[in-house]
file start.cif (mmCIF, C-alpha atoms (C1' of nucleotides))
data_structure
loop_
_atom_site.label_atom_id
_atom_site.label_comp_id
_atom_site.auth_asym_id
_atom_site.auth_seq_id
_atom_site.Cartn_x
_atom_site.Cartn_y
_atom_site.Cartn_z
CA MET C 1 85.22 170.49 274.34
CA ILE C 2 83.22 168.61 271.72
CA LYS C 3 85.75 165.99 270.73
CA LYS C 4 88.38 164.68 273.08
CA LYS C 5 91.93 164.21 271.91
CA LYS C 6 91.60 160.57 272.81
CA ASP C 7 88.66 160.17 270.46
CA ILE C 8 90.56 161.81 267.64
CA ARG C 9 93.49 159.46 268.16
CA ARG C 10 91.07 156.56 268.26
CA GLU C 11 89.50 157.54 264.98
CA PHE C 12 92.92 157.94 263.43
CA ILE C 13 93.86 154.41 264.49
CA ILE C 14 90.65 153.01 263.03
CA GLY C 15 91.23 154.91 259.79
CA GLU C 16 94.73 153.57 259.43
CA ALA C 17 93.43 150.11 260.28
CA ALA C 18 90.93 150.37 257.42
CA LYS C 19 93.77 151.11 255.00
CA LEU C 20 95.81 148.15 256.23
CA PHE C 21 92.85 145.77 256.33
CA LYS C 22 92.04 146.70 252.75
CA GLN C 23 95.65 146.24 251.70
CA LYS C 24 96.54 143.03 253.50
CA GLY C 25 93.27 141.71 254.84
CA TYR C 26 92.11 141.54 258.45
CA GLY C 27 93.91 138.27 259.17
CA GLY C 28 97.00 139.47 257.38
CA THR C 29 97.28 142.61 259.47
CA SER C 30 98.81 142.24 262.92
CA MET C 31 98.32 144.68 265.75
CA ARG C 32 102.06 145.26 265.53
CA ASP C 33 101.68 146.26 261.86
CA LEU C 34 98.96 148.66 262.82
CA ALA C 35 100.97 150.04 265.73
CA GLU C 36 103.88 150.79 263.43
CA GLN C 37 101.54 152.51 260.99
CA VAL C 38 100.19 154.84 263.67
CA GLY C 39 103.56 155.35 265.36
CA LEU C 40 102.87 153.63 268.65
CA ASP C 41 103.89 150.49 270.43
CA ALA C 42 101.29 147.76 270.07
CA ALA C 43 100.52 147.83 273.77
CA SER C 44 99.92 151.58 273.67
CA MET C 45 97.09 151.22 271.19
CA TYR C 46 95.05 149.41 273.75
CA HIS C 47 94.72 152.72 275.51
CA TYR C 48 92.49 153.83 272.64
CA ILE C 49 90.80 150.67 271.43
CA LYS C 50 89.49 147.61 273.17
CA SER C 51 90.46 144.94 270.67
CA LYS C 52 91.28 144.21 267.07
CA ASP C 53 87.79 142.89 266.59
CA GLU C 54 86.27 146.11 267.93
CA ILE C 55 88.10 148.01 265.18
CA LEU C 56 86.65 145.78 262.49
CA GLN C 57 83.19 146.16 263.97
CA GLY C 58 83.53 149.93 264.01
CA ILE C 59 84.40 150.01 260.34
CA CYS C 60 81.80 147.51 259.17
CA PHE C 61 78.84 148.91 261.07
CA ASP C 62 79.67 152.50 260.29
CA ILE C 63 79.46 151.69 256.58
CA ALA C 64 76.41 149.48 257.00
CA ASN C 65 74.55 152.24 258.82
CA THR C 66 75.49 154.76 256.15
CA TYR C 67 74.02 152.53 253.47
CA VAL C 68 70.84 151.95 255.41
CA SER C 69 70.19 155.61 256.13
CA GLN C 70 70.84 156.54 252.51
CA LEU C 71 68.36 153.92 251.38
CA THR C 72 65.76 155.25 253.79
CA GLU C 73 66.10 158.73 252.35
CA ILE C 74 65.64 157.44 248.85
CA GLU C 75 62.64 155.34 249.76
CA ASN C 76 60.95 158.45 251.12
CA ALA C 77 61.72 160.64 248.13
CA THR C 78 59.16 161.20 245.40
CA GLN C 79 60.74 159.98 242.19
CA SER C 80 60.24 157.22 239.67
CA TYR C 81 61.67 153.84 240.62
CA SER C 82 64.19 154.23 237.88
CA GLN C 83 65.37 157.53 239.31
CA LYS C 84 65.49 156.06 242.79
CA LEU C 85 67.58 153.14 241.68
CA LYS C 86 69.96 155.35 239.76
CA ALA C 87 70.31 157.68 242.73
CA LEU C 88 71.15 154.73 244.94
CA VAL C 89 73.79 153.44 242.55
CA ARG C 90 75.28 156.93 242.50
CA LEU C 91 75.42 156.94 246.29
CA HIS C 92 77.16 153.58 246.32
CA ILE C 93 79.76 154.80 243.87
CA HIS C 94 80.17 158.06 245.73
CA LEU C 95 80.76 156.29 249.04
CA MET C 96 83.47 154.19 247.44
CA THR C 97 85.31 157.22 246.15
CA THR C 98 85.11 159.03 249.49
CA LYS C 99 85.49 156.15 251.95
CA GLY C 100 87.35 153.61 249.85
CA PRO C 101 89.21 151.67 252.52
CA GLU C 102 86.24 151.46 254.87
CA VAL C 103 83.87 150.29 252.13
CA SER C 104 86.43 147.78 250.98
CA VAL C 105 86.75 146.35 254.47
CA ALA C 106 82.99 146.22 255.03
CA ASN C 107 82.62 144.44 251.70
CA ASN C 108 85.49 141.98 251.96
CA GLU C 109 86.51 141.48 255.57
CA TRP C 110 83.17 141.20 257.34
CA LYS C 111 83.63 137.44 257.42
CA SER C 112 86.23 137.97 260.14
CA LEU C 113 83.74 139.59 262.51
CA SER C 114 83.21 137.79 265.80
CA ALA C 115 80.22 135.46 265.94
CA ASP C 116 77.77 137.94 267.45
CA ALA C 117 78.74 140.85 265.25
CA LEU C 118 78.75 138.58 262.22
CA THR C 119 75.16 137.56 262.85
CA GLU C 120 74.03 141.15 263.21
CA PHE C 121 75.98 142.31 260.18
CA LYS C 122 74.49 139.61 257.99
CA SER C 123 71.05 140.51 259.25
CA LEU C 124 71.57 144.18 258.43
CA ARG C 125 72.78 143.33 254.97
CA SER C 126 69.93 140.97 254.37
CA GLN C 127 67.39 143.63 255.38
CA TYR C 128 69.08 146.11 253.08
CA GLU C 129 68.94 143.71 250.18
CA LYS C 130 65.28 142.96 250.81
CA ARG C 131 64.35 146.64 250.75
CA LEU C 132 66.36 147.18 247.61
CA ALA C 133 64.75 144.15 245.99
CA ALA C 134 61.35 145.62 246.81
CA LEU C 135 62.34 148.78 244.98
CA ILE C 136 63.32 146.82 241.90
CA GLU C 137 60.19 144.70 242.07
CA ALA C 138 57.97 147.76 242.28
CA GLY C 139 59.77 149.36 239.36
CA ALA C 140 59.33 146.24 237.28
CA GLU C 141 55.61 146.12 238.07
CA ALA C 142 55.36 149.78 237.11
CA GLY C 143 56.81 148.79 233.76
CA GLU C 144 59.99 150.79 234.18
CA PHE C 145 62.37 147.82 234.10
CA GLN C 146 63.01 144.83 231.93
CA GLN C 147 61.47 141.57 233.02
CA VAL C 148 64.39 139.84 234.64
CA ASN C 149 64.69 137.88 237.86
CA THR C 150 64.70 140.37 240.73
CA SER C 151 67.56 138.75 242.63
CA VAL C 152 69.66 138.68 239.51
CA ALA C 153 69.02 142.35 238.86
CA LEU C 154 69.69 143.25 242.49
CA PHE C 155 73.00 141.47 242.77
CA THR C 156 74.16 142.42 239.30
CA LEU C 157 73.68 146.10 240.11
CA LEU C 158 75.38 145.89 243.48
CA SER C 159 78.19 143.76 242.14
CA ALA C 160 78.78 145.76 238.97
CA ILE C 161 80.12 148.74 240.90
CA ARG C 162 82.29 146.89 243.37
CA TRP C 163 85.42 147.27 241.25
CA VAL C 164 85.35 151.03 241.86
CA GLU C 165 86.54 150.55 245.41
CA LEU C 166 89.65 148.79 244.11
CA TRP C 167 90.32 150.86 241.03
CA TRP C 168 89.35 154.44 241.68
CA LYS C 169 92.01 156.89 242.82
CA PRO C 170 91.80 160.70 242.82
CA ASP C 171 94.66 160.80 240.31
CA ARG C 172 93.22 158.23 237.91
CA GLY C 173 92.17 160.99 235.55
CA ILE C 174 88.48 160.21 235.54
CA ALA C 175 86.09 162.47 237.40
CA THR C 176 83.60 160.79 239.71
CA GLU C 177 80.82 162.41 237.70
CA GLU C 178 82.00 160.76 234.48
CA LEU C 179 82.59 157.50 236.31
CA GLU C 180 79.03 157.46 237.63
CA ASN C 181 77.57 158.38 234.26
CA SER C 182 79.47 155.68 232.37
CA ILE C 183 78.45 152.99 234.82
CA LEU C 184 74.84 154.10 234.85
CA THR C 185 74.78 154.08 231.06
CA ILE C 186 75.95 150.48 230.90
CA LEU C 187 73.67 149.23 233.65
CA PHE C 188 70.50 151.05 232.59
CA GLN C 189 70.87 151.48 228.80
CA GLY C 190 73.12 148.49 228.15
CA LEU C 191 76.55 148.27 226.60
CA GLU C 192 75.23 147.28 223.20
CA ARG C 193 74.37 150.04 220.81
CA LYS C 194 70.89 149.87 219.37
CA MET R 1 98.29 103.67 235.35
CA ILE R 2 97.39 107.18 234.18
CA LYS R 3 96.69 108.75 237.53
CA LYS R 4 98.37 107.66 240.71
CA LYS R 5 96.38 107.30 243.89
CA LYS R 6 98.65 109.85 245.46
CA ASP R 7 97.71 112.42 242.83
CA ILE R 8 94.03 111.78 243.38
CA ARG R 9 94.44 112.29 247.12
CA ARG R 10 96.40 115.43 246.41
CA GLU R 11 93.70 116.83 244.21
CA PHE R 12 91.09 115.97 246.81
CA ILE R 13 93.03 117.91 249.43
CA ILE R 14 93.32 120.93 247.14
CA GLY R 15 89.61 120.77 246.35
CA GLU R 16 88.68 120.70 250.01
CA ALA R 17 91.14 123.53 250.62
CA ALA R 18 89.36 125.62 247.99
CA LYS R 19 86.07 125.15 249.83
CA LEU R 20 87.59 126.16 253.16
CA PHE R 21 89.53 129.10 251.72
CA LYS R 22 86.33 130.37 250.16
CA GLN R 23 84.43 129.91 253.40
CA LYS R 24 86.94 131.26 255.91
CA GLY R 25 89.64 132.89 253.84
CA TYR R 26 93.21 131.70 253.33
CA GLY R 27 94.50 133.29 256.53
CA GLY R 28 91.49 132.06 258.45
CA THR R 29 92.00 128.45 257.46
CA SER R 30 94.64 126.51 259.37
CA MET R 31 96.35 123.39 258.11
CA ARG R 32 94.74 121.63 261.07
CA ASP R 33 91.29 122.77 259.84
CA LEU R 34 92.08 121.41 256.42
CA ALA R 35 93.42 118.17 257.85
CA GLU R 36 90.21 117.60 259.75
CA GLN R 37 88.19 118.29 256.60
CA VAL R 38 90.08 115.65 254.62
CA GLY R 39 90.23 113.16 257.49
CA LEU R 40 93.95 113.16 258.11
CA ASP R 41 96.35 114.42 260.71
CA ALA R 42 97.92 117.72 259.73
CA ALA R 43 101.35 116.12 259.49
CA SER R 44 100.05 113.45 257.13
CA MET R 45 98.97 115.98 254.57
CA TYR R 46 102.54 116.94 253.95
CA HIS R 47 102.94 113.60 252.26
CA TYR R 48 100.76 114.95 249.46
CA ILE R 49 101.44 118.66 249.39
CA LYS R 50 104.54 120.72 249.93
CA SER R 51 103.08 123.71 251.74
CA LYS R 52 99.95 125.74 252.37
CA ASP R 53 101.16 128.30 249.88
CA GLU R 54 101.59 125.66 247.19
CA ILE R 55 97.89 124.80 247.55
CA LEU R 56 96.86 128.40 247.03
CA GLN R 57 99.12 128.67 244.00
CA GLY R 58 97.64 125.53 242.51
CA ILE R 59 94.13 126.90 242.81
CA CYS R 60 94.89 130.42 241.58
CA PHE R 61 96.96 129.48 238.55
CA ASP R 62 94.66 126.69 237.49
CA ILE R 63 91.80 129.19 237.27
CA ALA R 64 93.97 131.89 235.69
CA ASN R 65 95.10 129.49 232.97
CA THR R 66 91.54 128.41 232.29
CA TYR R 67 90.49 132.01 231.76
CA VAL R 68 93.42 132.73 229.47
CA SER R 69 92.87 129.70 227.25
CA GLN R 70 89.16 130.47 226.98
CA LEU R 71 89.92 134.00 225.91
CA THR R 72 92.35 132.76 223.29
CA GLU R 73 89.70 130.54 221.78
CA ILE R 74 87.25 133.41 221.59
CA GLU R 75 89.78 135.77 220.07
CA ASN R 76 90.35 133.29 217.26
CA ALA R 77 86.67 132.68 216.54
CA THR R 78 84.90 134.51 213.73
CA GLN R 79 82.05 136.40 215.35
CA SER R 80 81.05 139.98 215.94
CA TYR R 81 82.68 141.68 218.90
CA SER R 82 79.35 141.75 220.62
CA GLN R 83 78.99 138.01 220.24
CA LYS R 84 82.55 137.47 221.45
CA LEU R 85 82.02 139.56 224.52
CA LYS R 86 78.76 137.82 225.32
CA ALA R 87 80.38 134.42 224.87
CA LEU R 88 83.13 135.40 227.25
CA VAL R 89 80.69 136.58 229.89
CA ARG R 90 78.89 133.26 229.54
CA LEU R 91 82.14 131.40 230.08
CA HIS R 92 82.87 133.42 233.19
CA ILE R 93 79.46 132.65 234.60
CA HIS R 94 79.74 129.03 233.63
CA LEU R 95 83.09 128.64 235.36
CA MET R 96 81.62 130.08 238.54
CA THR R 97 78.79 127.58 238.55
CA THR R 98 81.09 124.63 237.91
CA LYS R 99 84.17 125.62 239.89
CA GLY R 100 82.70 127.98 242.46
CA PRO R 101 85.16 127.58 245.31
CA GLU R 102 88.24 127.71 243.10
CA VAL R 103 87.04 130.81 241.26
CA SER R 104 86.18 132.43 244.55
CA VAL R 105 89.65 131.76 245.91
CA ALA R 106 91.38 132.98 242.75
CA ASN R 107 89.29 136.14 242.89
CA ASN R 108 89.52 136.92 246.59
CA GLU R 109 92.51 135.19 248.13
CA TRP R 110 95.23 135.80 245.56
CA LYS R 111 96.58 138.59 247.76
CA SER R 112 97.92 135.91 250.09
CA LEU R 113 100.16 134.39 247.41
CA SER R 114 103.87 134.43 248.18
CA ALA R 115 105.82 137.33 246.69
CA ASP R 116 106.99 135.51 243.53
CA ALA R 117 103.68 133.91 242.75
CA LEU R 118 101.90 137.17 243.50
CA THR R 119 103.95 138.99 240.90
CA GLU R 120 103.26 136.38 238.26
CA PHE R 121 99.58 136.21 239.07
CA LYS R 122 99.16 139.96 238.80
CA SER R 123 101.01 139.91 235.51
CA LEU R 124 98.74 137.19 234.13
CA ARG R 125 95.66 139.08 235.21
CA SER R 126 96.93 142.30 233.76
CA GLN R 127 97.59 140.64 230.38
CA TYR R 128 94.12 139.15 230.45
CA GLU R 129 92.54 142.50 231.14
CA LYS R 130 94.51 144.15 228.37
CA ARG R 131 93.37 141.60 225.80
CA LEU R 132 89.80 141.93 226.97
CA ALA R 133 90.02 145.70 226.81
CA ALA R 134 91.27 145.41 223.23
CA LEU R 135 88.18 143.40 222.39
CA ILE R 136 85.92 146.06 223.83
CA GLU R 137 87.84 148.83 222.14
CA ALA R 138 87.58 147.10 218.78
CA GLY R 139 83.88 146.56 219.25
CA ALA R 140 83.37 150.20 220.12
CA GLU R 141 85.26 151.29 217.01
CA ALA R 142 83.13 148.93 214.94
CA GLY R 143 80.12 150.79 216.30
CA GLU R 144 78.76 147.80 218.20
CA PHE R 145 79.04 149.32 221.67
CA GLN R 146 78.07 152.51 223.41
CA GLN R 147 80.72 155.15 223.72
CA VAL R 148 81.86 154.67 227.27
CA ASN R 149 85.30 154.61 228.83
CA THR R 150 86.88 151.23 227.98
CA SER R 151 88.23 150.56 231.46
CA VAL R 152 84.88 151.33 232.99
CA ALA R 153 83.15 148.95 230.59
CA LEU R 154 85.77 146.25 231.18
CA PHE R 155 85.64 146.32 234.94
CA THR R 156 81.89 146.78 235.10
CA LEU R 157 81.36 143.64 233.03
CA LEU R 158 83.85 141.56 234.98
CA SER R 159 82.59 142.84 238.29
CA ALA R 160 78.90 142.56 237.51
CA ILE R 161 79.02 138.77 237.48
CA ARG R 162 81.20 138.27 240.53
CA TRP R 163 78.22 137.79 242.83
CA VAL R 164 77.37 134.55 241.06
CA GLU R 165 80.27 132.80 242.72
CA LEU R 166 78.82 133.65 246.13
CA TRP R 167 75.15 133.22 245.39
CA TRP R 168 74.67 130.42 242.92
CA LYS R 169 73.88 126.95 244.21
CA PRO R 170 72.54 124.02 242.21
CA ASP R 171 69.40 124.07 244.36
CA ARG R 172 68.72 127.79 244.06
CA GLY R 173 65.96 127.09 241.59
CA ILE R 174 67.41 129.08 238.72
CA ALA R 175 68.93 127.27 235.76
CA THR R 176 72.38 128.43 234.65
CA GLU R 177 70.89 129.13 231.24
CA GLU R 178 68.34 131.54 232.70
CA LEU R 179 70.98 133.05 234.95
CA GLU R 180 73.26 133.77 232.01
CA ASN R 181 70.43 135.20 229.91
CA SER R 182 69.20 137.52 232.65
CA ILE R 183 72.66 138.88 233.32
CA LEU R 184 73.41 139.33 229.62
CA THR R 185 70.14 141.18 229.18
CA ILE R 186 70.96 143.67 231.89
CA LEU R 187 74.55 144.22 230.80
CA PHE R 188 73.96 144.45 227.07
CA GLN R 189 70.37 145.77 226.76
CA GLY R 190 70.21 147.60 230.07
CA LEU R 191 67.86 147.25 232.99
CA GLU R 192 65.68 150.14 231.93
CA ARG R 193 62.83 149.41 229.58
CA LYS R 194 62.77 151.54 226.44
"C1'" DT M 1 106.11 85.47 253.21
"C1'" DA M 2 109.86 88.47 253.49
"C1'" DA M 3 111.56 92.87 251.89
"C1'" DA M 4 110.53 97.34 250.29
"C1'" DA M 5 107.78 101.19 249.78
"C1'" DA M 6 104.00 104.13 250.93
"C1'" DT M 7 101.23 106.10 254.39
"C1'" DT M 8 100.11 107.69 258.90
"C1'" DC M 9 100.59 110.30 263.17
"C1'" DA M 10 102.47 111.65 268.01
"C1'" DA M 11 105.42 114.89 269.44
"C1'" DA M 12 107.84 118.79 269.11
"C1'" DC M 13 109.91 123.12 266.77
"C1'" DG M 14 110.36 128.05 266.55
"C1'" DA M 15 107.80 131.90 265.13
"C1'" DA M 16 103.98 135.03 265.28
"C1'" DC M 17 99.82 136.30 267.23
"C1'" DA M 18 96.38 139.35 270.38
"C1'" DT M 19 96.34 140.86 274.66
"C1'" DT M 20 97.65 141.94 279.84
"C1'" DT M 21 100.43 143.58 283.50
"C1'" DG M 22 102.90 146.84 285.98
"C1'" DA M 23 105.97 150.25 286.01
"C1'" DT M 24 107.58 154.65 283.98
"C1'" DT M 25 107.21 158.84 281.69
"C1'" DT M 26 104.61 162.89 280.24
"C1'" DA M 27 100.88 166.22 280.52
"C1'" DT M 28 97.32 168.45 283.10
"C1'" DT M 29 95.24 170.33 287.07
"C1'" DT M 30 95.20 172.38 291.71
"C1'" DA B 1 105.40 172.92 292.85
"C1'" DA B 2 102.76 169.10 294.32
"C1'" DA B 3 99.21 166.01 293.16
"C1'" DT B 4 96.63 163.76 289.76
"C1'" DA B 5 95.61 161.89 285.49
"C1'" DA B 6 96.84 160.42 280.84
"C1'" DA B 7 99.89 158.17 277.80
"C1'" DT B 8 103.58 155.11 276.79
"C1'" DC B 9 106.08 150.84 276.51
"C1'" DA B 10 109.13 146.68 278.08
"C1'" DA B 11 108.19 142.35 279.24
"C1'" DA B 12 105.68 138.48 279.51
"C1'" DT B 13 101.27 135.33 278.92
"C1'" DG B 14 99.11 131.73 276.75
"C1'" DT B 15 97.65 130.34 272.24
"C1'" DT B 16 97.83 129.13 267.54
"C1'" DC B 17 100.27 128.77 263.50
"C1'" DG B 18 102.95 126.09 259.49
"C1'" DT B 19 106.06 122.72 259.31
"C1'" DT B 20 109.61 118.88 260.56
"C1'" DT B 21 111.21 114.71 262.61
"C1'" DG B 22 111.28 109.99 263.47
"C1'" DA B 23 109.09 106.14 264.47
"C1'" DA B 24 105.07 103.07 263.74
"C1'" DT B 25 101.81 101.02 260.75
"C1'" DT B 26 99.82 99.56 256.46
"C1'" DT B 27 100.15 98.37 251.65
"C1'" DT B 28 102.57 96.80 247.73
"C1'" DT B 29 106.08 94.24 245.54
"C1'" DA B 30 109.21 90.35 244.79
#

call {"tool": "encode", "arguments": {"input": "start.cif", "output": "C-alpha cells"}}
result
Amino acid sequence: MIKKKKDIRREFIIGEAAKLFKQKGYGGTSMRDLAEQVGLDAASMYHYIKSKDEILQGICFDIANTYVSQLTEIENATQSYSQKLKALVRLHIHLMTTKGPEVSVANNEWKSLSADALTEFKSLRSQYEKRLAALIEAGAEAGEFQQVNTSVALFTLLSAIRWVELWWKPDRGIATEELENSILTILFQGLERK
Amino acid sequence: MIKKKKDIRREFIIGEAAKLFKQKGYGGTSMRDLAEQVGLDAASMYHYIKSKDEILQGICFDIANTYVSQLTEIENATQSYSQKLKALVRLHIHLMTTKGPEVSVANNEWKSLSADALTEFKSLRSQYEKRLAALIEAGAEAGEFQQVNTSVALFTLLSAIRWVELWWKPDRGIATEELENSILTILFQGLERK
DNA sequence: TAAAAATTCAAACGAACATTTGATTTATTT
DNA sequence: AAATAAATCAAATGTTCGTTTGAATTTTTA
C-alpha cells in the first residue's frame, strides 16, 4: 500500500483549501467553510490535518520547493542566458496553468503564515530571487540583455506573468503554448514594433 | 473653514488604515489594531468613520476614480497610441510611488468589499480594462504594436508594474524617473538585446 | 462663565472564529 | 462474531471580532 486512504483524503482537503483560499483569502475562509466544501463536519477535518496554518504551510512550501528545483535544473543546463530566462518564464506560466489555486495562494496569502514559517518562506523567496538576479546579471554581462537595472528586470519579469494565475482557465480559448509565446514576445522583443 | 478638523482626522484614520491593510491585509487588521495606530480607543474611531467596510470602500474607489480620470485625459490627448500607452504606464507607476498603500489595498484587498461595493468596483475595473484594451487594439491596427493577443498585452502591461507598489521606497536609491524608464524599456523595446 | 457641542472611552453586545473533548458510529482485523 | 482501530460529529472552550451604548470629559460657543 503506497498511499494510505487517509493521505488521499488529506491531500483532497488541502486542494479544496487552496481553491477557497484563492477565492476568499486565508482570513476570509473559515474551517467551517472548508469543512462544508469537503463534505465533513469541521471537527472531523482535524482527523486529517493538524491546523489551518499547517494547510497554508503545505501549500506555500510545496510551490516554493517546486520553483526552487526548477531553477536548479535550469541553472545546470547548457544554454544561453536568454534561453535560460525564457525557459524559466515558461515554467512559471506553466505552473500557473496547472496548479492555479496553489500558486495563487503561495503568491498572495503567504503573509498569513505563522511567524516561523513566514521567516522561512521569505528566506526561500529571497534566495530564489538572488539566484534569478544572478542569471540576469550574467546575461547582461554577456551582452544578451539590455542595460537595465537588474532588480527592475527581475521583478518586472516575475510580476508580468502574475495575472495568468487569475485569468487563465482551460476554457478561455487560448492555448498555453500561445499564451507563453505572446508573453515571451512582449517581455523579450517588446510590445512596440520596430 | 474649508476643511473641518473632523474631516482631517477622518482622512488620517483612512490613511493609517491603508498602511495597515497593505501590511496585514483587510481581514488581518482589526479595528483595535487601527485604533492603536491612530492613538485612539476603538470606540472613539466610530466618531469619525461609519464602519470598517466604509474605510475600505473609501480607499478602493478613490484609487479607481483616479485611474479612470487619468485614462480619460490620455484618451483625449493627441499623441500616437504608443505614446499614450507609455504615458499611462508612467501614470500607473507614479501613482504607486505616491500613493503606495492605497494602490496596494485597491489592488489586493478589493475582494473584501461588501457585496454592493464589490459589484460596482468590478464593474469600474472592467470598464477601465475595456477602454485600455481599445487603446491597444487601435495601436495594433495602426501598426505601432506587435501582433499579440490584446488581452495578453493588456494584462501583461498592467501586471508587469504591480511589483513597484511592494518594492519601491523613497530610500531605495532609484529615482522614479529611472524606474519608469527601465520598465518602459523592457515592456516596449524588450529585455533582449537586438 | 454658563450652556452647548464635540470628543473620548469603559464596558458590554452578540456573532464568528479555530480548536478540543469525549462519546458514538463505522470499518477493519483476528 | 468479537475485538480493535478508524472516522465522524455534537457540544463546548476560550478568544477575538466589529460595533453600540451611555456616561464622562474636553472644547467651543454664546

call {"tool": "calpha_fit_rmsd", "arguments": {"input": "start.cif", "fixed": "chain C", "moving": "chain R"}}
result
0.1 Å

call {"tool": "resolve_selection", "arguments": {"input": "start.cif", "expression": "the PyMOL selection byres ((chain C) within 12 of (chain B))", "output": "VMD selection string"}}
result
chain C and resid 5 to 6 9 35 39 to 48

call {"tool": "write_last_selection", "arguments": {"input": "start.cif", "atoms": "C-alpha atoms", "output": "PDB file, keeping the file's coordinate frame"}}
result
ATOM      1  CA  LYS C   5      91.930 164.210 271.910  1.00  0.00           C
ATOM      2  CA  LYS C   6      91.600 160.570 272.810  1.00  0.00           C
ATOM      3  CA  ARG C   9      93.490 159.460 268.160  1.00  0.00           C
ATOM      4  CA  ALA C  35     100.970 150.040 265.730  1.00  0.00           C
ATOM      5  CA  GLY C  39     103.560 155.350 265.360  1.00  0.00           C
ATOM      6  CA  LEU C  40     102.870 153.630 268.650  1.00  0.00           C
ATOM      7  CA  ASP C  41     103.890 150.490 270.430  1.00  0.00           C
ATOM      8  CA  ALA C  42     101.290 147.760 270.070  1.00  0.00           C
ATOM      9  CA  ALA C  43     100.520 147.830 273.770  1.00  0.00           C
ATOM     10  CA  SER C  44      99.920 151.580 273.670  1.00  0.00           C
ATOM     11  CA  MET C  45      97.090 151.220 271.190  1.00  0.00           C
ATOM     12  CA  TYR C  46      95.050 149.410 273.750  1.00  0.00           C
ATOM     13  CA  HIS C  47      94.720 152.720 275.510  1.00  0.00           C
ATOM     14  CA  TYR C  48      92.490 153.830 272.640  1.00  0.00           C
TER      15      TYR C  48
END

call {"tool": "interface_residues", "arguments": {"input": "start.cif", "of": "chain C", "to": "chain R", "cutoff": "6 Å", "atoms": "all atoms listed in the file", "output": "list in words"}}
result
Gly27, Glu144, Phe145, Gln146, Val148, Thr156, Ser159, Ala160, Ser182, Leu187, Phe188, Gln189, Gly190, Leu191, Glu192 and Arg193 of chain C

call {"tool": "resolve_selection", "arguments": {"input": "start.cif", "expression": "the PyMOL selection byres ((chain M) within 12 of (chain R))", "output": "PDB file with C-alpha atoms (C1' of nucleotides), in the coordinates of the input"}}
result
ATOM      1  C1'  DA M   6     104.000 104.130 250.930  1.00  0.00           C
ATOM      2  C1'  DT M   7     101.230 106.100 254.390  1.00  0.00           C
ATOM      3  C1'  DT M   8     100.110 107.690 258.900  1.00  0.00           C
ATOM      4  C1'  DC M   9     100.590 110.300 263.170  1.00  0.00           C
ATOM      5  C1'  DA M  10     102.470 111.650 268.010  1.00  0.00           C
ATOM      6  C1'  DA M  11     105.420 114.890 269.440  1.00  0.00           C
ATOM      7  C1'  DA M  12     107.840 118.790 269.110  1.00  0.00           C
TER       8       DA M  12
END

call {"tool": "resolve_selection", "arguments": {"input": "start.cif", "expression": "the PyMOL selection byres ((chain R and resi 75) around 10)", "output": "JSON, numbers by chain"}}
result
{"R": [69, 70, 71, 72, 73, 74, 76, 77, 78, 79, 81, 84, 85, 88, 131, 132, 135]}

call {"tool": "residues_around", "arguments": {"input": "start.cif", "residues": "Gln57 (chain R)", "least_positions_apart": "4", "cutoff": "9 Å", "atoms": "only C-alpha atoms (C1' of nucleotides)", "output": "list of chain:residue names"}}
result
R:Lys52, R:Asp53, R:Phe61, R:Asp62, R:Ala106, R:Trp110, R:Leu113, R:Ser114, R:Ala117, R:Leu118

call {"tool": "atom_distance", "arguments": {"input": "start.cif", "atom1": "CA of Leu124 (chain C)", "atom2": "CA of Cys60 (chain C)"}}
result
10.8 Å
